[in-house]
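Structure file structure-v4.pdb (PDB, C-alpha atoms and all ligand atoms) is printed below.
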```pdb
MODEL        1
ATOM      1  CA  MET B 390       4.011  -8.322  -6.268  1.00  0.00           C
ATOM      2  CA  ALA B 391       2.268  -8.596  -9.643  1.00  0.00           C
ATOM      3  CA  SER B 392       4.457 -10.726 -11.877  1.00  0.00           C
ATOM      4  CA  THR B 393       3.798  -9.081 -15.230  1.00  0.00           C
ATOM      5  CA  LEU B 394       1.827  -6.107 -16.466  1.00  0.00           C
ATOM      6  CA  PRO B 395      -1.301  -7.078 -18.460  1.00  0.00           C
ATOM      7  CA  PRO B 396      -1.291  -6.163 -22.189  1.00  0.00           C
ATOM      8  CA  ILE B 397      -2.691  -2.747 -23.157  1.00  0.00           C
ATOM      9  CA  ARG B 398      -6.102  -4.037 -24.265  1.00  0.00           C
ATOM     10  CA  ASP B 399      -6.500  -5.829 -20.940  1.00  0.00           C
ATOM     11  CA  LEU B 400      -5.459  -2.663 -19.105  1.00  0.00           C
ATOM     12  CA  ALA B 401      -8.100  -0.694 -21.001  1.00  0.00           C
ATOM     13  CA  TYR B 402     -10.705  -3.271 -20.027  1.00  0.00           C
ATOM     14  CA  ILE B 403      -9.598  -3.285 -16.376  1.00  0.00           C
ATOM     15  CA  ALA B 404      -9.622   0.517 -16.317  1.00  0.00           C
ATOM     16  CA  GLY B 405     -13.129   0.570 -17.775  1.00  0.00           C
ATOM     17  CA  VAL B 406     -14.445  -1.667 -15.010  1.00  0.00           C
ATOM     18  CA  LEU B 407     -12.578   0.354 -12.374  1.00  0.00           C
ATOM     19  CA  GLU B 408     -13.985   3.609 -13.732  1.00  0.00           C
ATOM     20  CA  ALA B 409     -17.501   2.241 -13.378  1.00  0.00           C
ATOM     21  CA  ASP B 410     -17.393   0.008 -10.286  1.00  0.00           C
ATOM     22  CA  GLY B 411     -13.978   0.529  -8.722  1.00  0.00           C
ATOM     23  CA  CYS B 412     -12.973   2.182  -5.506  1.00  0.00           C
ATOM     24  CA  PHE B 413      -9.482   3.598  -4.974  1.00  0.00           C
ATOM     25  CA  THR B 414      -8.877   3.819  -1.277  1.00  0.00           C
ATOM     26  CA  GLU B 415      -6.436   3.374   1.613  1.00  0.00           C
ATOM     27  CA  LYS B 416      -6.052   0.976   4.518  1.00  0.00           C
ATOM     28  CA  HIS B 417      -3.651   1.983   7.299  1.00  0.00           C
ATOM     29  CA  GLY B 418      -2.127   4.561   4.950  1.00  0.00           C
ATOM     30  CA  THR B 419      -1.437   2.104   2.120  1.00  0.00           C
ATOM     31  CA  PRO B 420      -3.166   1.969  -1.296  1.00  0.00           C
ATOM     32  CA  VAL B 421      -6.050  -0.450  -1.859  1.00  0.00           C
ATOM     33  CA  VAL B 422      -8.211  -1.090  -4.935  1.00  0.00           C
ATOM     34  CA  VAL B 423     -11.653  -2.679  -4.572  1.00  0.00           C
ATOM     35  CA  VAL B 424     -14.293  -3.569  -7.163  1.00  0.00           C
ATOM     36  CA  GLY B 425     -17.767  -4.585  -6.074  1.00  0.00           C
ATOM     37  CA  MET B 426     -20.231  -5.941  -8.610  1.00  0.00           C
ATOM     38  CA  THR B 427     -22.878  -8.577  -9.143  1.00  0.00           C
ATOM     39  CA  ASP B 428     -21.076 -10.253 -12.054  1.00  0.00           C
ATOM     40  CA  GLU B 429     -18.890 -12.964 -10.594  1.00  0.00           C
ATOM     41  CA  ASP B 430     -17.285 -13.740 -13.960  1.00  0.00           C
ATOM     42  CA  VAL B 431     -16.079 -10.150 -14.420  1.00  0.00           C
ATOM     43  CA  VAL B 432     -14.632 -10.007 -10.909  1.00  0.00           C
ATOM     44  CA  ARG B 433     -12.801 -13.307 -11.425  1.00  0.00           C
ATOM     45  CA  ARG B 434     -11.559 -12.122 -14.805  1.00  0.00           C
ATOM     46  CA  LEU B 435      -9.992  -9.024 -13.196  1.00  0.00           C
ATOM     47  CA  GLN B 436      -8.182 -11.231 -10.719  1.00  0.00           C
ATOM     48  CA  ARG B 437      -6.983 -13.552 -13.494  1.00  0.00           C
ATOM     49  CA  MET B 438      -5.832 -10.730 -15.793  1.00  0.00           C
ATOM     50  CA  THR B 439      -3.784  -8.977 -13.136  1.00  0.00           C
ATOM     51  CA  GLY B 440      -2.695 -11.958 -11.062  1.00  0.00           C
ATOM     52  CA  SER B 441      -3.390  -9.687  -8.095  1.00  0.00           C
ATOM     53  CA  GLY B 442      -5.819  -9.512  -5.216  1.00  0.00           C
ATOM     54  CA  LYS B 443      -8.529 -11.797  -3.897  1.00  0.00           C
ATOM     55  CA  VAL B 444     -12.110 -12.533  -4.894  1.00  0.00           C
ATOM     56  CA  ASN B 445     -14.644 -12.601  -2.054  1.00  0.00           C
ATOM     57  CA  GLY B 446     -18.342 -13.316  -2.088  1.00  0.00           C
ATOM     58  CA  PRO B 447     -21.136 -13.782  -2.660  1.00  0.00           C
ATOM     59  CA  TYR B 448     -22.381 -11.089  -0.311  1.00  0.00           C
ATOM     60  CA  LEU B 449     -26.122 -11.043   0.062  1.00  0.00           C
ATOM     61  CA  ASN B 450     -27.943  -7.777   0.360  1.00  0.00           C
ATOM     62  CA  ARG B 451     -30.561  -8.384   3.029  1.00  0.00           C
ATOM     63  CA  ALA B 452     -32.156  -4.977   2.565  1.00  0.00           C
ATOM     64  CA  GLY B 453     -33.758  -5.652  -0.799  1.00  0.00           C
ATOM     65  CA  HIS B 454     -35.651  -8.448  -2.473  1.00  0.00           C
ATOM     66  CA  ASN B 455     -34.549  -9.826  -5.805  1.00  0.00           C
ATOM     67  CA  VAL B 456     -31.181  -8.172  -5.371  1.00  0.00           C
ATOM     68  CA  LYS B 457     -28.314 -10.146  -6.850  1.00  0.00           C
ATOM     69  CA  PRO B 458     -25.455 -11.086  -4.551  1.00  0.00           C
ATOM     70  CA  MET B 459     -22.303  -8.963  -4.748  1.00  0.00           C
ATOM     71  CA  TRP B 460     -18.763 -10.101  -5.535  1.00  0.00           C
ATOM     72  CA  HIS B 461     -15.676  -8.208  -4.453  1.00  0.00           C
ATOM     73  CA  TRP B 462     -12.226  -8.116  -5.963  1.00  0.00           C
ATOM     74  CA  SER B 463      -9.833  -6.501  -3.529  1.00  0.00           C
ATOM     75  CA  VAL B 464      -6.188  -5.722  -4.138  1.00  0.00           C
ATOM     76  CA  ASP B 465      -4.839  -4.812  -0.723  1.00  0.00           C
ATOM     77  CA  ARG B 466      -1.184  -5.719  -0.972  1.00  0.00           C
ATOM     78  CA  GLN B 467       0.270  -2.240  -1.182  1.00  0.00           C
ATOM     79  CA  HIS B 468       2.745  -2.855  -4.019  1.00  0.00           C
ATOM     80  CA  GLU B 469       0.119  -4.615  -6.124  1.00  0.00           C
ATOM     81  CA  ALA B 470      -2.419  -1.842  -5.528  1.00  0.00           C
ATOM     82  CA  TYR B 471       0.254   0.732  -6.367  1.00  0.00           C
ATOM     83  CA  ALA B 472       1.194  -1.077  -9.609  1.00  0.00           C
ATOM     84  CA  LEU B 473      -2.474  -1.336 -10.609  1.00  0.00           C
ATOM     85  CA  MET B 474      -3.170   2.341  -9.907  1.00  0.00           C
ATOM     86  CA  VAL B 475      -0.186   3.432 -11.972  1.00  0.00           C
ATOM     87  CA  ALA B 476      -0.996   0.992 -14.798  1.00  0.00           C
ATOM     88  CA  VAL B 477      -4.599   2.164 -15.302  1.00  0.00           C
ATOM     89  CA  TYR B 478      -4.016   5.854 -14.475  1.00  0.00           C
ATOM     90  CA  GLY B 479      -3.842   7.035 -18.089  1.00  0.00           C
ATOM     91  CA  PHE B 480      -7.184   5.415 -18.972  1.00  0.00           C
ATOM     92  CA  LEU B 481      -9.163   6.989 -16.141  1.00  0.00           C
ATOM     93  CA  GLY B 482     -11.175  10.184 -15.882  1.00  0.00           C
ATOM     94  CA  GLU B 483      -9.966  13.280 -14.032  1.00  0.00           C
ATOM     95  CA  ARG B 484     -11.749  12.594 -10.764  1.00  0.00           C
ATOM     96  CA  ARG B 485     -10.215   9.155 -10.331  1.00  0.00           C
ATOM     97  CA  GLN B 486      -6.795  10.313 -11.517  1.00  0.00           C
ATOM     98  CA  GLN B 487      -6.860  13.008  -8.863  1.00  0.00           C
ATOM     99  CA  ARG B 488      -7.904  10.460  -6.230  1.00  0.00           C
ATOM    100  CA  ILE B 489      -5.024   8.148  -7.174  1.00  0.00           C
ATOM    101  CA  SER B 490      -2.534  11.046  -7.104  1.00  0.00           C
ATOM    102  CA  GLU B 491      -3.602  11.956  -3.563  1.00  0.00           C
ATOM    103  CA  ILE B 492      -3.370   8.345  -2.327  1.00  0.00           C
ATOM    104  CA  LEU B 493       0.034   7.745  -3.891  1.00  0.00           C
ATOM    105  CA  LYS B 494       1.441  11.073  -2.677  1.00  0.00           C
ATOM    106  CA  ARG B 495       0.500  10.185   0.895  1.00  0.00           C
ATOM    107  CA  TRP B 496       1.835   6.640   0.520  1.00  0.00           C
ATOM    108  CA  ILE B 497       5.204   7.776  -0.848  1.00  0.00           C
ATOM    109  CA  ALA B 498       5.564  10.431   1.878  1.00  0.00           C
ATOM    110  CA  ARG B 499       4.747   8.072   4.757  1.00  0.00           C
ATOM    111  CA  PRO B 500       7.424   7.520   7.391  1.00  0.00           C
ATOM    112  CA  ILE B 501       9.585   4.452   6.807  1.00  0.00           C
ATOM    113  CA  PRO B 502       9.098   1.796   9.512  1.00  0.00           C
ATOM    114  CA  ASN B 503      12.110   1.370  11.792  1.00  0.00           C
ATOM    115  CA  LYS B 504      12.755  -2.168  10.488  1.00  0.00           C
ATOM    116  CA  PHE B 505      13.382  -0.835   6.965  1.00  0.00           C
ATOM    117  CA  LYS B 506      15.606   2.098   7.937  1.00  0.00           C
ATOM    118  CA  SER B 507      19.204   1.936   6.755  1.00  0.00           C
ATOM    119  CA  ARG B 508      20.202   5.002   8.813  1.00  0.00           C
ATOM    120  CA  CYS B 509      19.282   6.468  12.198  1.00  0.00           C
ATOM    121  CA  ASN B 510      17.690   9.934  12.508  1.00  0.00           C
ATOM    122  CA  GLU B 511      21.187  11.459  12.708  1.00  0.00           C
ATOM    123  CA  GLY B 512      22.242   9.745   9.481  1.00  0.00           C
ATOM    124  CA  HIS B 513      24.560   7.057  10.918  1.00  0.00           C
ATOM    125  CA  ALA B 514      24.436   3.783   8.976  1.00  0.00           C
ATOM    126  CA  LEU B 515      22.506   1.083  10.855  1.00  0.00           C
ATOM    127  CA  VAL B 516      24.868  -1.748   9.935  1.00  0.00           C
ATOM    128  CA  GLY B 517      27.555  -3.918  11.480  1.00  0.00           C
ATOM    129  CA  ASP B 518      28.900  -2.884  14.895  1.00  0.00           C
ATOM    130  CA  ASN B 519      26.923   0.370  14.891  1.00  0.00           C
ATOM    131  CA  LEU B 520      23.628  -1.551  14.990  1.00  0.00           C
ATOM    132  CA  TYR B 521      22.211  -3.109  18.127  1.00  0.00           C
ATOM    133  CA  LEU B 522      18.761  -4.387  19.022  1.00  0.00           C
ATOM    134  CA  GLU B 523      16.588  -3.112  21.832  1.00  0.00           C
ATOM    135  CA  GLY B 524      13.786  -5.669  21.854  1.00  0.00           C
ATOM    136  CA  THR B 525      12.822  -5.675  18.176  1.00  0.00           C
ATOM    137  CA  LYS B 526      13.881  -2.029  17.626  1.00  0.00           C
ATOM    138  CA  ARG B 527      17.059  -1.325  15.693  1.00  0.00           C
ATOM    139  CA  ARG B 528      19.246   1.231  17.464  1.00  0.00           C
ATOM    140  CA  CYS B 529      22.360   3.269  16.692  1.00  0.00           C
ATOM    141  CA  ARG B 530      25.451   2.708  18.870  1.00  0.00           C
ATOM    142  CA  THR B 531      27.018   6.058  17.856  1.00  0.00           C
ATOM    143  CA  CYS B 532      23.931   7.949  19.051  1.00  0.00           C
ATOM    144  CA  ARG B 533      23.833   5.945  22.277  1.00  0.00           C
ATOM    145  CA  ALA B 534      27.502   6.770  22.937  1.00  0.00           C
ATOM    146  CA  SER B 535      27.040  10.505  22.338  1.00  0.00           C
ATOM    147  CA  ALA B 536      23.918  10.538  24.540  1.00  0.00           C
ATOM    148  CA  ALA B 537      25.999   8.925  27.293  1.00  0.00           C
ATOM    149  CA  ARG B 538      28.762  11.532  26.769  1.00  0.00           C
ATOM    150  CA  ARG B 539      26.231  14.397  27.037  1.00  0.00           C
ATOM    151  CA  LEU B 540      24.875  12.886  30.242  1.00  0.00           C
ATOM    152  CA  ARG B 541      28.374  12.627  31.765  1.00  0.00           C
ATOM    153  CA  ALA B 542      29.155  16.223  30.759  1.00  0.00           C
ATOM    154  CA  ARG B 543      25.961  17.487  32.427  1.00  0.00           C
ATOM    155  CA  ARG B 544      26.795  15.595  35.599  1.00  0.00           C
ATOM    156  CA  ALA B 545      30.350  16.988  35.618  1.00  0.00           C
ATOM    157  CA  VAL B 546      28.973  20.567  35.495  1.00  0.00           C
ATOM    158  CA  ALA B 547      26.410  19.981  38.271  1.00  0.00           C
TER
HETATM  159 ZN    ZN B 601      22.988   7.525  15.091  1.00  0.00          ZN
ENDMDL
END
```

Let me see whether you can do it: turn the structure in this file into structure tokens.
Amino acid sequence: MASTLPPIRDLAYIAGVLEADGCFTEKHGTPVVVVGMTDEDVVRRLQRMTGSGKVNGPYLNRAGHNVKPMWHWSVDRQHEAYALMVAVYGFLGERRQQRISEILKRWIARPIPNKFKSRCNEGHALVGDNLYLEGTKRRCRTCRASAARRLRARRAVA
């Protein structure tokens, strides 16, 4: 996670670069911010200012002659990308603001992975004696017991 938020003037600078050469996108349903440009110093400066993401490059463009190599700054840790998107949002134009809103809406609405759930689908707390493991999956003992009861009841009727 990004340790501290950059000062306002740095945010304005970062937003300016993102408006021009940034890409707000998603990878496996999580937010990602990427900047691709030929100025290595600018890309490294973004990384330094935010304390987030990685710098990769140089990437050579084989298609053209006399084309400068590209440098990428990519912020793909979801919480860092989220923090960056929120931090620069107010500085950006409408099109990019709308893009960020869509990405963050989807990210916030995504299903929570089983390993982070504190309750089962029926709302029982997945803690203490009620929690058991099936392989790496966390299961609810209360639900297992009531499923067993339903099964016995069906057999008794048949
Ligand atoms: Zn349950």

(request) Between CA of Thr525 in chain B and atom ZN of ligand ZN 601 (chain B), measure the distance and give it in Å to one decimal. (result)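 Atom-to-atom, CA of Thr525 in chain B to atom ZN of ligand ZN 601 (chain B), that is 16.9 Å.
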
(request) Find the distance between CA of Cys529 in chain B and CA of Gly512 in chain B and write it in Å to one decimal. (result)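 Computed distance, CA of Cys529 in chain B to CA of Gly512 in chain B, equals 9.7 Å.
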
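With all atoms listed in the file taken into account, the protein and nucleic acid residues at most 12 Å from Tyr478 in chain B (excluding it and anything under 6 positions from it in its own chain) are Leu400, Ala401, Ile403, Ala404, Gly405, Leu407, Glu408, Phe413, Ala470, Tyr471, Ala472, Arg484, Arg485, Gln486, Gln487, Arg488, Ile489, Ser490 and Leu493 of chain B.
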
With C-alpha atoms retained, could you export that selection as a compact mmCIF listing (two decimals), in the frame of the given file?
```
# COMPACT_ATOMS: atom_id res chain seq x y z
CA LEU B 400 -5.46 -2.66 -19.10
CA ALA B 401 -8.10 -0.69 -21.00
CA ILE B 403 -9.60 -3.28 -16.38
CA ALA B 404 -9.62 0.52 -16.32
CA GLY B 405 -13.13 0.57 -17.77
CA LEU B 407 -12.58 0.35 -12.37
CA GLU B 408 -13.98 3.61 -13.73
CA PHE B 413 -9.48 3.60 -4.97
CA ALA B 470 -2.42 -1.84 -5.53
CA TYR B 471 0.25 0.73 -6.37
CA ALA B 472 1.19 -1.08 -9.61
CA ARG B 484 -11.75 12.59 -10.76
CA ARG B 485 -10.22 9.15 -10.33
CA GLN B 486 -6.80 10.31 -11.52
CA GLN B 487 -6.86 13.01 -8.86
CA ARG B 488 -7.90 10.46 -6.23
CA ILE B 489 -5.02 8.15 -7.17
CA SER B 490 -2.53 11.05 -7.10
CA LEU B 493 0.03 7.74 -3.89
```

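Restricting the calculation to only C-alpha atoms and all ligand atoms, the smallest distance between ligand ZN 601 (chain B) and any of B:Ala534, B:Val444, B:Val477, B:Leu540 is found for B:Ala534.
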
(message) Taking all atoms listed in the file into account, name the residue in B:Leu394, B:Cys509, B:Cys412, B:Leu449 that is nearest to ligand ZN 601 (chain B).
(response) B:Cys509

(request) Please identify the residues whose atoms come within 10 Å of ligand ZN 601 (chain B), using all atoms listed in the file, and report them as a list in words. (result) Arg508, Cys509, Asn510, Glu511, Gly512, His513, Ala514, Leu515, Asn519, Leu520, Arg528, Cys529, Arg530, Thr531, Cys532, Arg533, Ala534, Ser535 and Ala536 of chain B

(request) List the residues selected by the PyMOL selection byres (((chain B and resi 424) around 10) and not hetatm) in the file shown, writing them as a list in words. (result)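 Listing what the PyMOL selection byres (((chain B and resi 424) around 10) and not hetatm) selects in the shown file: Val406, Leu407, Glu408, Ala409, Asp410, Gly411, Cys412, Phe413, Val422, Val423, Gly425, Met426, Val431, Val432, Leu435, Val444, Met459, Trp460, His461, Trp462, Ser463 and Val464 of chain B.
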
Export of prior selection with C-alpha atoms as a PDB file, keeping the file's coordinate frame:
```pdb
ATOM      1  CA  VAL B 406     -14.445  -1.667 -15.010  1.00  0.00           C
ATOM      2  CA  LEU B 407     -12.578   0.354 -12.374  1.00  0.00           C
ATOM      3  CA  GLU B 408     -13.985   3.609 -13.732  1.00  0.00           C
ATOM      4  CA  ALA B 409     -17.501   2.241 -13.378  1.00  0.00           C
ATOM      5  CA  ASP B 410     -17.393   0.008 -10.286  1.00  0.00           C
ATOM      6  CA  GLY B 411     -13.978   0.529  -8.722  1.00  0.00           C
ATOM      7  CA  CYS B 412     -12.973   2.182  -5.506  1.00  0.00           C
ATOM      8  CA  PHE B 413      -9.482   3.598  -4.974  1.00  0.00           C
ATOM      9  CA  VAL B 422      -8.211  -1.090  -4.935  1.00  0.00           C
ATOM     10  CA  VAL B 423     -11.653  -2.679  -4.572  1.00  0.00           C
ATOM     11  CA  GLY B 425     -17.767  -4.585  -6.074  1.00  0.00           C
ATOM     12  CA  MET B 426     -20.231  -5.941  -8.610  1.00  0.00           C
ATOM     13  CA  VAL B 431     -16.079 -10.150 -14.420  1.00  0.00           C
ATOM     14  CA  VAL B 432     -14.632 -10.007 -10.909  1.00  0.00           C
ATOM     15  CA  LEU B 435      -9.992  -9.024 -13.196  1.00  0.00           C
ATOM     16  CA  VAL B 444     -12.110 -12.533  -4.894  1.00  0.00           C
ATOM     17  CA  MET B 459     -22.303  -8.963  -4.748  1.00  0.00           C
ATOM     18  CA  TRP B 460     -18.763 -10.101  -5.535  1.00  0.00           C
ATOM     19  CA  HIS B 461     -15.676  -8.208  -4.453  1.00  0.00           C
ATOM     20  CA  TRP B 462     -12.226  -8.116  -5.963  1.00  0.00           C
ATOM     21  CA  SER B 463      -9.833  -6.501  -3.529  1.00  0.00           C
ATOM     22  CA  VAL B 464      -6.188  -5.722  -4.138  1.00  0.00           C
TER      23      VAL B 464
END
```
